[in-house]
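*Asks:* This one is start-v7.pdb, PDB, C-alpha atoms, pLDDT in the B column.
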ATOM      1  CA  MET A   1       0.804 -34.656  34.557  1.00 58.00           C
ATOM      2  CA  THR A   2       1.822 -34.119  38.195  1.00 77.00           C
ATOM      3  CA  VAL A   3      -1.281 -31.938  38.685  1.00 82.00           C
ATOM      4  CA  HIS A   4      -3.419 -34.828  37.419  1.00 83.00           C
ATOM      5  CA  VAL A   5      -1.676 -37.311  39.736  1.00 84.00           C
ATOM      6  CA  ALA A   6      -2.083 -34.977  42.724  1.00 86.00           C
ATOM      7  CA  ARG A   7      -5.784 -34.464  41.947  1.00 86.00           C
ATOM      8  CA  LEU A   8      -6.331 -38.230  41.551  1.00 85.00           C
ATOM      9  CA  ARG A   9      -4.629 -38.809  44.885  1.00 87.00           C
ATOM     10  CA  LEU A  10      -6.785 -36.157  46.621  1.00 89.00           C
ATOM     11  CA  LYS A  11      -9.970 -37.584  45.073  1.00 90.00           C
ATOM     12  CA  THR A  12      -8.934 -41.096  46.140  1.00 90.00           C
ATOM     13  CA  HIS A  13      -8.284 -39.967  49.722  1.00 90.00           C
ATOM     14  CA  PHE A  14     -11.600 -38.084  49.919  1.00 93.00           C
ATOM     15  CA  PHE A  15     -13.619 -41.086  48.717  1.00 94.00           C
ATOM     16  CA  THR A  16     -11.680 -43.466  50.964  1.00 92.00           C
ATOM     17  CA  VAL A  17     -12.650 -41.354  54.006  1.00 94.00           C
ATOM     18  CA  LEU A  18     -16.279 -41.211  52.819  1.00 95.00           C
ATOM     19  CA  VAL A  19     -16.398 -45.019  52.335  1.00 94.00           C
ATOM     20  CA  VAL A  20     -14.943 -45.654  55.810  1.00 94.00           C
ATOM     21  CA  ALA A  21     -17.101 -43.080  57.645  1.00 95.00           C
ATOM     22  CA  SER A  22     -20.387 -44.177  56.067  1.00 96.00           C
ATOM     23  CA  GLY A  23     -19.531 -47.881  56.493  1.00 94.00           C
ATOM     24  CA  VAL A  24     -18.666 -47.632  60.196  1.00 94.00           C
ATOM     25  CA  SER A  25     -21.621 -45.410  61.144  1.00 96.00           C
ATOM     26  CA  GLY A  26     -23.957 -47.585  59.036  1.00 95.00           C
ATOM     27  CA  ASN A  27     -22.838 -50.811  60.747  1.00 94.00           C
ATOM     28  CA  LEU A  28     -23.107 -49.209  64.186  1.00 95.00           C
ATOM     29  CA  SER A  29     -26.632 -48.016  63.447  1.00 95.00           C
ATOM     30  CA  LEU A  30     -27.623 -51.487  62.146  1.00 94.00           C
ATOM     31  CA  SER A  31     -26.151 -53.186  65.190  1.00 93.00           C
ATOM     32  CA  TRP A  32     -28.012 -50.824  67.527  1.00 93.00           C
ATOM     33  CA  GLY A  33     -31.259 -51.441  65.648  1.00 93.00           C
ATOM     34  CA  MET A  34     -30.861 -55.232  65.626  1.00 92.00           C
ATOM     35  CA  ARG A  35     -30.152 -55.221  69.356  1.00 90.00           C
ATOM     36  CA  GLN A  36     -33.541 -53.496  69.786  1.00 88.00           C
ATOM     37  CA  PHE A  37     -35.220 -55.856  67.318  1.00 88.00           C
ATOM     38  CA  GLY A  38     -33.985 -59.051  68.953  1.00 85.00           C
ATOM     39  CA  ARG A  39     -32.824 -62.409  67.628  1.00 84.00           C
ATOM     40  CA  LEU A  40     -33.423 -62.795  63.903  1.00 82.00           C
ATOM     41  CA  VAL A  41     -32.443 -66.143  62.414  1.00 77.00           C
ATOM     42  CA  SER A  42     -35.099 -67.068  59.902  1.00 75.00           C
ATOM     43  CA  LEU A  43     -35.564 -68.117  56.311  1.00 75.00           C
ATOM     44  CA  SER A  44     -38.842 -66.200  56.126  1.00 77.00           C
ATOM     45  CA  PRO A  45     -38.536 -62.869  54.283  1.00 80.00           C
ATOM     46  CA  LEU A  46     -41.321 -61.353  56.453  1.00 85.00           C
ATOM     47  CA  ALA A  47     -39.138 -61.202  59.569  1.00 84.00           C
ATOM     48  CA  TYR A  48     -36.415 -59.357  57.622  1.00 85.00           C
ATOM     49  CA  ILE A  49     -38.954 -56.909  56.198  1.00 86.00           C
ATOM     50  CA  ARG A  50     -40.150 -56.129  59.746  1.00 87.00           C
ATOM     51  CA  ALA A  51     -36.542 -55.553  60.847  1.00 88.00           C
ATOM     52  CA  VAL A  52     -35.996 -53.071  58.010  1.00 89.00           C
ATOM     53  CA  PHE A  53     -38.747 -50.840  59.499  1.00 92.00           C
ATOM     54  CA  ASN A  54     -36.824 -50.343  62.750  1.00 93.00           C
ATOM     55  CA  PRO A  55     -35.664 -46.663  62.545  1.00 95.00           C
ATOM     56  CA  TRP A  56     -32.037 -47.487  63.408  1.00 95.00           C
ATOM     57  CA  VAL A  57     -31.933 -50.306  60.871  1.00 94.00           C
ATOM     58  CA  ALA A  58     -33.433 -47.916  58.275  1.00 95.00           C
ATOM     59  CA  LEU A  59     -30.804 -45.259  59.108  1.00 96.00           C
ATOM     60  CA  GLY A  60     -28.088 -47.917  58.856  1.00 95.00           C
ATOM     61  CA  ILE A  61     -29.361 -48.951  55.417  1.00 94.00           C
ATOM     62  CA  SER A  62     -29.335 -45.290  54.243  1.00 96.00           C
ATOM     63  CA  LEU A  63     -25.739 -44.875  55.413  1.00 96.00           C
ATOM     64  CA  LEU A  64     -24.763 -48.152  53.725  1.00 92.00           C
ATOM     65  CA  LEU A  65     -26.303 -46.860  50.464  1.00 92.00           C
ATOM     66  CA  VAL A  66     -23.931 -43.855  50.718  1.00 94.00           C
ATOM     67  CA  TRP A  67     -21.162 -46.385  51.383  1.00 92.00           C
ATOM     68  CA  LEU A  68     -22.162 -48.417  48.302  1.00 85.00           C
ATOM     69  CA  PHE A  69     -22.151 -45.432  45.913  1.00 88.00           C
ATOM     70  CA  ALA A  70     -18.904 -44.009  47.328  1.00 92.00           C
ATOM     71  CA  GLN A  71     -17.227 -47.407  46.950  1.00 88.00           C
ATOM     72  CA  MET A  72     -18.518 -47.808  43.384  1.00 81.00           C
ATOM     73  CA  ALA A  73     -17.133 -44.374  42.477  1.00 88.00           C
ATOM     74  CA  LEU A  74     -13.776 -45.253  44.049  1.00 90.00           C
ATOM     75  CA  LEU A  75     -13.630 -48.567  42.171  1.00 83.00           C
ATOM     76  CA  SER A  76     -14.119 -46.742  38.856  1.00 84.00           C
ATOM     77  CA  TRP A  77     -10.509 -45.508  39.047  1.00 86.00           C
ATOM     78  CA  ALA A  78      -8.764 -47.523  41.761  1.00 86.00           C
ATOM     79  CA  ASP A  79      -8.006 -51.276  41.962  1.00 80.00           C
ATOM     80  CA  LEU A  80     -10.079 -53.604  44.142  1.00 70.00           C
ATOM     81  CA  SER A  81      -6.825 -54.876  45.655  1.00 70.00           C
ATOM     82  CA  TYR A  82      -6.039 -51.268  46.693  1.00 79.00           C
ATOM     83  CA  VAL A  83      -9.543 -50.295  47.856  1.00 82.00           C
ATOM     84  CA  LEU A  84     -10.274 -53.348  50.014  1.00 71.00           C
ATOM     85  CA  PRO A  85      -7.218 -53.234  52.297  1.00 74.00           C
ATOM     86  CA  VAL A  86      -7.229 -49.430  52.597  1.00 78.00           C
ATOM     87  CA  THR A  87     -10.908 -49.226  53.579  1.00 82.00           C
ATOM     88  CA  SER A  88     -10.348 -52.099  56.044  1.00 76.00           C
ATOM     89  CA  ILE A  89      -9.456 -49.467  58.676  1.00 82.00           C
ATOM     90  CA  GLY A  90     -13.268 -49.573  59.013  1.00 87.00           C
ATOM     91  CA  TYR A  91     -12.948 -52.948  60.800  1.00 80.00           C
ATOM     92  CA  VAL A  92     -10.803 -51.308  63.452  1.00 83.00           C
ATOM     93  CA  LEU A  93     -13.157 -48.352  63.852  1.00 90.00           C
ATOM     94  CA  SER A  94     -16.144 -50.743  64.069  1.00 88.00           C
ATOM     95  CA  ALA A  95     -14.485 -52.617  66.945  1.00 85.00           C
ATOM     96  CA  VAL A  96     -13.814 -49.266  68.660  1.00 89.00           C
ATOM     97  CA  ALA A  97     -17.435 -48.195  68.064  1.00 91.00           C
ATOM     98  CA  GLY A  98     -18.660 -51.540  69.490  1.00 90.00           C
ATOM     99  CA  LYS A  99     -16.615 -50.958  72.627  1.00 89.00           C
ATOM    100  CA  LEU A 100     -17.567 -47.287  73.039  1.00 91.00           C
ATOM    101  CA  PHE A 101     -21.247 -47.316  72.106  1.00 91.00           C
ATOM    102  CA  MET A 102     -22.379 -50.942  72.531  1.00 89.00           C
ATOM    103  CA  HIS A 103     -20.212 -51.634  75.625  1.00 90.00           C
ATOM    104  CA  GLU A 104     -18.764 -54.807  74.114  1.00 87.00           C
ATOM    105  CA  LYS A 105     -15.829 -56.582  75.741  1.00 84.00           C
ATOM    106  CA  THR A 106     -12.697 -56.155  73.628  1.00 79.00           C
ATOM    107  CA  SER A 107     -10.022 -58.794  74.399  1.00 84.00           C
ATOM    108  CA  GLY A 108      -6.234 -58.463  74.049  1.00 87.00           C
ATOM    109  CA  TRP A 109      -6.457 -60.726  70.975  1.00 88.00           C
ATOM    110  CA  ARG A 110      -8.818 -58.271  69.323  1.00 81.00           C
ATOM    111  CA  TRP A 111      -6.469 -55.327  69.964  1.00 81.00           C
ATOM    112  CA  ALA A 112      -3.562 -57.400  68.587  1.00 87.00           C
ATOM    113  CA  GLY A 113      -5.677 -58.015  65.492  1.00 82.00           C
ATOM    114  CA  ILE A 114      -6.335 -54.265  65.239  1.00 77.00           C
ATOM    115  CA  ALA A 115      -2.559 -53.602  65.287  1.00 81.00           C
ATOM    116  CA  LEU A 116      -1.990 -56.107  62.438  1.00 86.00           C
ATOM    117  CA  ILE A 117      -4.799 -54.555  60.377  1.00 78.00           C
ATOM    118  CA  VAL A 118      -3.329 -51.054  60.798  1.00 76.00           C
ATOM    119  CA  ALA A 119       0.080 -52.395  59.683  1.00 83.00           C
ATOM    120  CA  GLY A 120      -1.499 -53.987  56.599  1.00 80.00           C
ATOM    121  CA  VAL A 121      -3.436 -50.823  55.753  1.00 74.00           C
ATOM    122  CA  LEU A 122      -0.308 -48.653  56.012  1.00 75.00           C
ATOM    123  CA  LEU A 123       1.645 -51.030  53.779  1.00 79.00           C
ATOM    124  CA  VAL A 124      -1.004 -50.979  51.039  1.00 72.00           C
ATOM    125  CA  ALA A 125      -1.627 -47.207  51.292  1.00 66.00           C
ATOM    126  CA  ARG A 126       2.028 -46.607  50.312  1.00 67.00           C
ATOM    127  CA  THR A 127       1.431 -48.049  46.835  1.00 65.00           C
ATOM    128  CA  ALA A 128      -0.094 -45.737  44.205  1.00 56.00           C
ATOM    129  CA  PRO A 129      -3.690 -46.397  43.121  1.00 59.00           C
ATOM    130  CA  HIS A 130      -3.524 -47.883  39.639  1.00 56.00           C
ATOM    131  CA  ARG A 131      -5.938 -46.631  36.992  1.00 52.00           C
ATOM    132  CA  PRO A 132      -7.391 -49.479  34.940  1.00 51.00           C
ATOM    133  CA  GLY A 133      -6.299 -49.110  31.335  1.00 50.00           C
ATOM    134  CA  ALA A 134      -3.441 -46.748  32.154  1.00 48.00           C
ATOM    135  CA  PRO A 135       0.095 -48.019  31.528  1.00 43.00           C
ATOM    136  CA  SER A 136       1.513 -49.164  34.882  1.00 39.00           C
TER
ATOM    137  CA  MET B 137     -25.101 -70.794  63.375  1.00 82.00           C
ATOM    138  CA  LYS B 138     -22.780 -67.790  63.769  1.00 81.00           C
ATOM    139  CA  TRP B 139     -20.146 -69.343  61.500  1.00 81.00           C
ATOM    140  CA  LEU B 140     -22.699 -70.516  58.942  1.00 88.00           C
ATOM    141  CA  LEU B 141     -23.864 -66.897  58.612  1.00 90.00           C
ATOM    142  CA  VAL B 142     -20.223 -65.743  58.406  1.00 85.00           C
ATOM    143  CA  ALA B 143     -19.637 -68.231  55.547  1.00 85.00           C
ATOM    144  CA  VAL B 144     -22.718 -67.017  53.642  1.00 90.00           C
ATOM    145  CA  ILE B 145     -21.628 -63.380  54.104  1.00 90.00           C
ATOM    146  CA  ALA B 146     -18.000 -64.012  53.066  1.00 85.00           C
ATOM    147  CA  VAL B 147     -18.859 -65.864  49.840  1.00 88.00           C
ATOM    148  CA  ALA B 148     -21.669 -63.455  48.856  1.00 91.00           C
ATOM    149  CA  THR B 149     -19.471 -60.401  49.554  1.00 88.00           C
ATOM    150  CA  THR B 150     -16.608 -61.780  47.458  1.00 87.00           C
ATOM    151  CA  VAL B 151     -18.876 -62.525  44.484  1.00 90.00           C
ATOM    152  CA  SER B 152     -20.564 -59.115  44.775  1.00 88.00           C
ATOM    153  CA  ASP B 153     -17.297 -57.138  45.025  1.00 82.00           C
ATOM    154  CA  VAL B 154     -15.732 -58.886  42.037  1.00 83.00           C
ATOM    155  CA  LEU B 155     -18.843 -58.325  39.866  1.00 87.00           C
ATOM    156  CA  GLN B 156     -18.959 -54.669  40.952  1.00 82.00           C
ATOM    157  CA  ALA B 157     -15.269 -54.068  40.272  1.00 80.00           C
ATOM    158  CA  ALA B 158     -15.533 -55.698  36.815  1.00 81.00           C
ATOM    159  CA  ALA B 159     -18.548 -53.518  35.955  1.00 82.00           C
ATOM    160  CA  MET B 160     -17.004 -50.256  37.198  1.00 80.00           C
ATOM    161  CA  ARG B 161     -13.771 -50.959  35.358  1.00 79.00           C
ATOM    162  CA  ARG B 162     -15.707 -51.461  32.122  1.00 78.00           C
ATOM    163  CA  HIS B 163     -17.633 -48.254  32.826  1.00 75.00           C
ATOM    164  CA  GLY B 164     -14.405 -46.288  33.296  1.00 76.00           C
ATOM    165  CA  GLU B 165     -13.322 -43.521  35.657  1.00 76.00           C
ATOM    166  CA  ILE B 166     -16.040 -41.208  37.015  1.00 75.00           C
ATOM    167  CA  ARG B 167     -14.695 -37.651  36.511  1.00 76.00           C
ATOM    168  CA  ASP B 168     -17.809 -35.465  36.655  1.00 75.00           C
ATOM    169  CA  PHE B 169     -19.501 -35.165  40.060  1.00 73.00           C
ATOM    170  CA  ARG B 170     -22.243 -32.646  39.180  1.00 76.00           C
ATOM    171  CA  PRO B 171     -25.732 -34.003  40.070  1.00 76.00           C
ATOM    172  CA  GLY B 172     -26.920 -34.261  36.447  1.00 79.00           C
ATOM    173  CA  ALA B 173     -23.834 -36.189  35.383  1.00 78.00           C
ATOM    174  CA  LEU B 174     -24.100 -38.487  38.417  1.00 76.00           C
ATOM    175  CA  GLY B 175     -27.748 -39.127  37.519  1.00 80.00           C
ATOM    176  CA  ARG B 176     -26.709 -40.199  34.023  1.00 82.00           C
ATOM    177  CA  VAL B 177     -24.026 -42.499  35.472  1.00 77.00           C
ATOM    178  CA  PHE B 178     -26.677 -43.999  37.779  1.00 78.00           C
ATOM    179  CA  ALA B 179     -29.094 -44.535  34.858  1.00 79.00           C
ATOM    180  CA  VAL B 180     -26.398 -46.312  32.846  1.00 78.00           C
ATOM    181  CA  LEU B 181     -25.307 -48.481  35.803  1.00 77.00           C
ATOM    182  CA  ALA B 182     -28.913 -49.405  36.730  1.00 77.00           C
ATOM    183  CA  ARG B 183     -29.166 -51.159  33.338  1.00 81.00           C
ATOM    184  CA  ASN B 184     -25.822 -52.915  33.695  1.00 81.00           C
ATOM    185  CA  ARG B 185     -26.309 -56.685  34.216  1.00 86.00           C
ATOM    186  CA  LEU B 186     -23.099 -57.086  36.201  1.00 86.00           C
ATOM    187  CA  ILE B 187     -24.184 -54.300  38.590  1.00 86.00           C
ATOM    188  CA  LEU B 188     -27.693 -55.799  38.952  1.00 88.00           C
ATOM    189  CA  ALA B 189     -26.212 -59.237  39.714  1.00 91.00           C
ATOM    190  CA  SER B 190     -23.792 -57.628  42.156  1.00 89.00           C
ATOM    191  CA  VAL B 191     -26.642 -55.847  43.978  1.00 88.00           C
ATOM    192  CA  ALA B 192     -28.726 -59.074  44.182  1.00 91.00           C
ATOM    193  CA  VAL B 193     -25.822 -60.994  45.739  1.00 93.00           C
ATOM    194  CA  MET B 194     -25.138 -58.028  48.029  1.00 88.00           C
ATOM    195  CA  ALA B 195     -28.739 -58.237  49.304  1.00 89.00           C
ATOM    196  CA  VAL B 196     -28.154 -61.880  50.320  1.00 91.00           C
ATOM    197  CA  SER B 197     -24.989 -60.804  52.119  1.00 90.00           C
ATOM    198  CA  PHE B 198     -26.835 -57.906  53.793  1.00 89.00           C
ATOM    199  CA  PHE B 199     -29.704 -59.970  55.217  1.00 90.00           C
ATOM    200  CA  ALA B 200     -27.263 -62.614  56.474  1.00 92.00           C
ATOM    201  CA  PHE B 201     -25.330 -59.731  58.082  1.00 91.00           C
ATOM    202  CA  ILE B 202     -28.306 -58.285  59.992  1.00 91.00           C
ATOM    203  CA  ALA B 203     -29.170 -61.838  61.124  1.00 92.00           C
ATOM    204  CA  LEU B 204     -25.583 -62.149  62.423  1.00 92.00           C
ATOM    205  CA  LEU B 205     -25.828 -58.745  64.163  1.00 91.00           C
ATOM    206  CA  SER B 206     -28.977 -59.962  65.937  1.00 91.00           C
ATOM    207  CA  ILE B 207     -27.028 -62.806  67.596  1.00 90.00           C
ATOM    208  CA  ALA B 208     -23.404 -61.531  67.799  1.00 87.00           C
ATOM    209  CA  ASP B 209     -21.293 -58.502  68.876  1.00 87.00           C
ATOM    210  CA  LEU B 210     -20.586 -55.715  66.366  1.00 87.00           C
ATOM    211  CA  SER B 211     -16.870 -56.159  67.122  1.00 83.00           C
ATOM    212  CA  PHE B 212     -17.214 -59.831  66.124  1.00 81.00           C
ATOM    213  CA  ALA B 213     -19.580 -59.484  63.168  1.00 85.00           C
ATOM    214  CA  VAL B 214     -17.760 -56.773  61.220  1.00 83.00           C
ATOM    215  CA  PRO B 215     -14.241 -58.289  61.392  1.00 76.00           C
ATOM    216  CA  ALA B 216     -15.593 -61.804  60.775  1.00 75.00           C
ATOM    217  CA  THR B 217     -16.998 -60.704  57.416  1.00 76.00           C
ATOM    218  CA  ALA B 218     -13.423 -59.980  56.297  1.00 71.00           C
ATOM    219  CA  ALA B 219     -12.777 -63.735  56.171  1.00 68.00           C
ATOM    220  CA  SER B 220     -12.945 -63.265  52.395  1.00 71.00           C
ATOM    221  CA  TYR B 221      -9.828 -61.061  52.131  1.00 71.00           C
ATOM    222  CA  VAL B 222      -7.291 -63.410  50.633  1.00 69.00           C
ATOM    223  CA  LEU B 223      -9.880 -64.959  48.290  1.00 73.00           C
ATOM    224  CA  GLU B 224     -10.763 -61.462  47.051  1.00 76.00           C
ATOM    225  CA  THR B 225      -7.151 -60.479  46.375  1.00 78.00           C
ATOM    226  CA  VAL B 226      -6.593 -63.763  44.496  1.00 80.00           C
ATOM    227  CA  LEU B 227      -9.699 -63.120  42.370  1.00 80.00           C
ATOM    228  CA  ALA B 228      -8.602 -59.495  41.756  1.00 79.00           C
ATOM    229  CA  LYS B 229      -5.349 -60.815  40.315  1.00 84.00           C
ATOM    230  CA  TYR B 230      -6.566 -63.803  38.268  1.00 86.00           C
ATOM    231  CA  LEU B 231     -10.111 -62.837  37.299  1.00 81.00           C
ATOM    232  CA  LEU B 232      -9.816 -59.033  36.992  1.00 77.00           C
ATOM    233  CA  LYS B 233      -6.114 -59.258  35.929  1.00 83.00           C
ATOM    234  CA  GLU B 234      -5.117 -56.459  38.299  1.00 80.00           C
ATOM    235  CA  PRO B 235      -1.417 -56.017  38.975  1.00 82.00           C
ATOM    236  CA  VAL B 236      -0.993 -57.182  42.586  1.00 81.00           C
ATOM    237  CA  THR B 237       2.470 -56.217  43.816  1.00 83.00           C
ATOM    238  CA  LEU B 238       4.371 -57.933  46.619  1.00 87.00           C
ATOM    239  CA  GLU B 239       3.589 -54.957  48.893  1.00 83.00           C
ATOM    240  CA  ARG B 240      -0.154 -55.377  48.287  1.00 80.00           C
ATOM    241  CA  TRP B 241       0.030 -59.138  48.910  1.00 86.00           C
ATOM    242  CA  ALA B 242       1.901 -58.480  52.156  1.00 88.00           C
ATOM    243  CA  GLY B 243      -0.624 -55.815  53.190  1.00 82.00           C
ATOM    244  CA  ALA B 244      -3.637 -58.017  52.393  1.00 82.00           C
ATOM    245  CA  SER B 245      -2.062 -60.948  54.287  1.00 88.00           C
ATOM    246  CA  LEU B 246      -1.427 -58.784  57.364  1.00 87.00           C
ATOM    247  CA  VAL B 247      -5.031 -57.567  57.218  1.00 79.00           C
ATOM    248  CA  ALA B 248      -6.273 -61.168  56.975  1.00 82.00           C
ATOM    249  CA  CYS B 249      -4.145 -62.264  59.984  1.00 88.00           C
ATOM    250  CA  GLY B 250      -5.355 -59.256  61.976  1.00 82.00           C
ATOM    251  CA  VAL B 251      -8.957 -60.055  61.126  1.00 74.00           C
ATOM    252  CA  ALA B 252      -8.456 -63.680  62.241  1.00 79.00           C
ATOM    253  CA  LEU B 253      -7.142 -62.425  65.611  1.00 82.00           C
ATOM    254  CA  LEU B 254     -10.052 -59.966  65.936  1.00 68.00           C
ATOM    255  CA  ALA B 255     -12.491 -62.866  65.670  1.00 65.00           C
ATOM    256  CA  LEU B 256     -10.924 -64.706  68.649  1.00 69.00           C
TER
END
Could you spell out this file's structure in structure tokens?
*Replies:*
Amino acid sequence: MTVHVARLRLKTHFFTVLVVASGVSGNLSLSWGMRQFGRLVSLSPLAYIRAVFNPWVALGISLLLVWLFAQMALLSWADLSYVLPVTSIGYVLSAVAGKLFMHEKTSGWRWAGIALIVAGVLLVARTAPHRPGAPS
Amino acid sequence: MKWLLVAVIAVATTVSDVLQAAAMRRHGEIRDFRPGALGRVFAVLARNRLILASVAVMAVSFFAFIALLSIADLSFAVPATAASYVLETVLAKYLLKEPVTLERWAGASLVACGVALLAL
């Protein structure tokens, strides 16, 4: 029983890291690509199709597909209300990536927000992932 | 325009996540990660109506997101999409009937407050 719990915990941690890493790198790649592409606010599907052929946008989409499948796998045994807050560390890492790679200005308010998010993530990560159907 | 896109993304993401979670819960835990077994899981999920609906709504959210990235900072766009946090936790509890403990509520609320600050 404890072996099963330990294995479930390890599997959950591995997929959480995969979800966060692919999500952050995917968003960064998309952002980089859209900066090259230029302003895109349109109801015409053609403009979006052209954007998808930018190499960085295409790479971002590939990484977000990894993100999608990793998140689906994670959701097959862990609650949405566990997965969402825990993977939200990705918001923090995206802000850091924006500052480092896109040279965005990061205000004191944004860093304060980052601190609150980390606190929320730590609080949720302390609770055990619940398996749907298992007695809680 | 920025906030209109944020609203589209937040609602579409919430709907997509809830559909996806409902479908994966019905499917059950994935235990076998060998390529053949994963292929079979994929084939089953590709015929699942909840998953197909979830992917369609996710596409709406995605195109609104790249439109937002074309006019806003990455460090604004990504946190802003988390505007849906509290709504999602509420739906997880009442629609998916997940047990949401006080600790999880507190954690989700802190995340939501942090996200609101990030968007300033």
*Asks:* Counting only C-alpha atoms, collect the residues of chain B whose closest atom lies at most 6 Å from chain A, and write them out as a list in words.
*Replies:*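 Only these qualify: Met160, Arg161, Gly164, Glu165, Ala203, Leu205, Ser206, Ile207, Leu210, Ser211, Pro215, Thr225, Arg240, Gly243, Ala244, Leu246, Val247, Gly250, Val251, Leu253 and Leu254 of chain B.
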*Asks:* Exactly which residues make up the result of the PyMOL selection byres ((chain B and resi 150) around 10) on this file, given as number ranges by chain?
*Replies:* B: 145-149, 151-156, 190, 193-194, 197, 218-225, 227
*Asks:* Calculate how many Å separate atom CA of B:Val142 from atom CA of B:Ala159, rounding to one decimal.
*Replies:*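 Atom-to-atom, atom CA of B:Val142 and atom CA of B:Ala159 are spaced 25.6 Å apart.
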*Asks:* Pick out the closest residue to A:Phe101 from this set: B:Ala242, B:Ala248, B:Asp209, B:Arg170. Count only C-alpha atoms.
*Replies:*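 When distances to A:Phe101 are compared using only C-alpha atoms, the smallest one comes from B:Asp209.
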*Asks:* Could you check how far atom CA of A:Ala58 sits from atom CA of A:Ser25, in Å to one decimal?
*Replies:*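 It comes out at 12.4 Å.
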*Asks:* Between atom CA of B:Trp139 and atom CA of B:Phe201, measure the distance and give it in Å to one decimal.
*Replies:*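 Spanning atom CA of B:Trp139 to atom CA of B:Phe201 is a straight-line distance of 11.4 Å.
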*Asks:* Considering only C-alpha atoms, return as a PDB file with C-alpha atoms, in the frame of the given file whatever protein or nucleic-acid residues lie within 8 Å of A:Gly26, sequence-local ones (same chain, fewer than 3 positions apart) excluded.
*Replies:*
ATOM      1  CA  SER A  22     -20.387 -44.177  56.067  1.00 96.00           C
ATOM      2  CA  GLY A  23     -19.531 -47.881  56.493  1.00 94.00           C
ATOM      3  CA  SER A  29     -26.632 -48.016  63.447  1.00 95.00           C
ATOM      4  CA  LEU A  30     -27.623 -51.487  62.146  1.00 94.00           C
ATOM      5  CA  LEU A  59     -30.804 -45.259  59.108  1.00 96.00           C
ATOM      6  CA  GLY A  60     -28.088 -47.917  58.856  1.00 95.00           C
ATOM      7  CA  ILE A  61     -29.361 -48.951  55.417  1.00 94.00           C
ATOM      8  CA  SER A  62     -29.335 -45.290  54.243  1.00 96.00           C
ATOM      9  CA  LEU A  63     -25.739 -44.875  55.413  1.00 96.00           C
ATOM     10  CA  LEU A  64     -24.763 -48.152  53.725  1.00 92.00           C
TER      11      LEU A  64
END
*Asks:* Determine the nearest neighbour of B:Ala200 from the options B:Ala179, B:Ile166, B:Leu232, B:Ala213, counting only C-alpha atoms.
*Replies:*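 When distances to B:Ala200 are compared using only C-alpha atoms, the smallest one comes from B:Ala213.
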*Asks:* So, with all atoms listed in the file as the atoms that count, which of B:Ala158, B:Cys249, B:Leu231, B:Ile187 lies closest to B:Ala216?
*Replies:*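 Going through B:Ala158, B:Cys249, B:Leu231, B:Ile187 one by one, the smallest distance to B:Ala216 is for B:Cys249.
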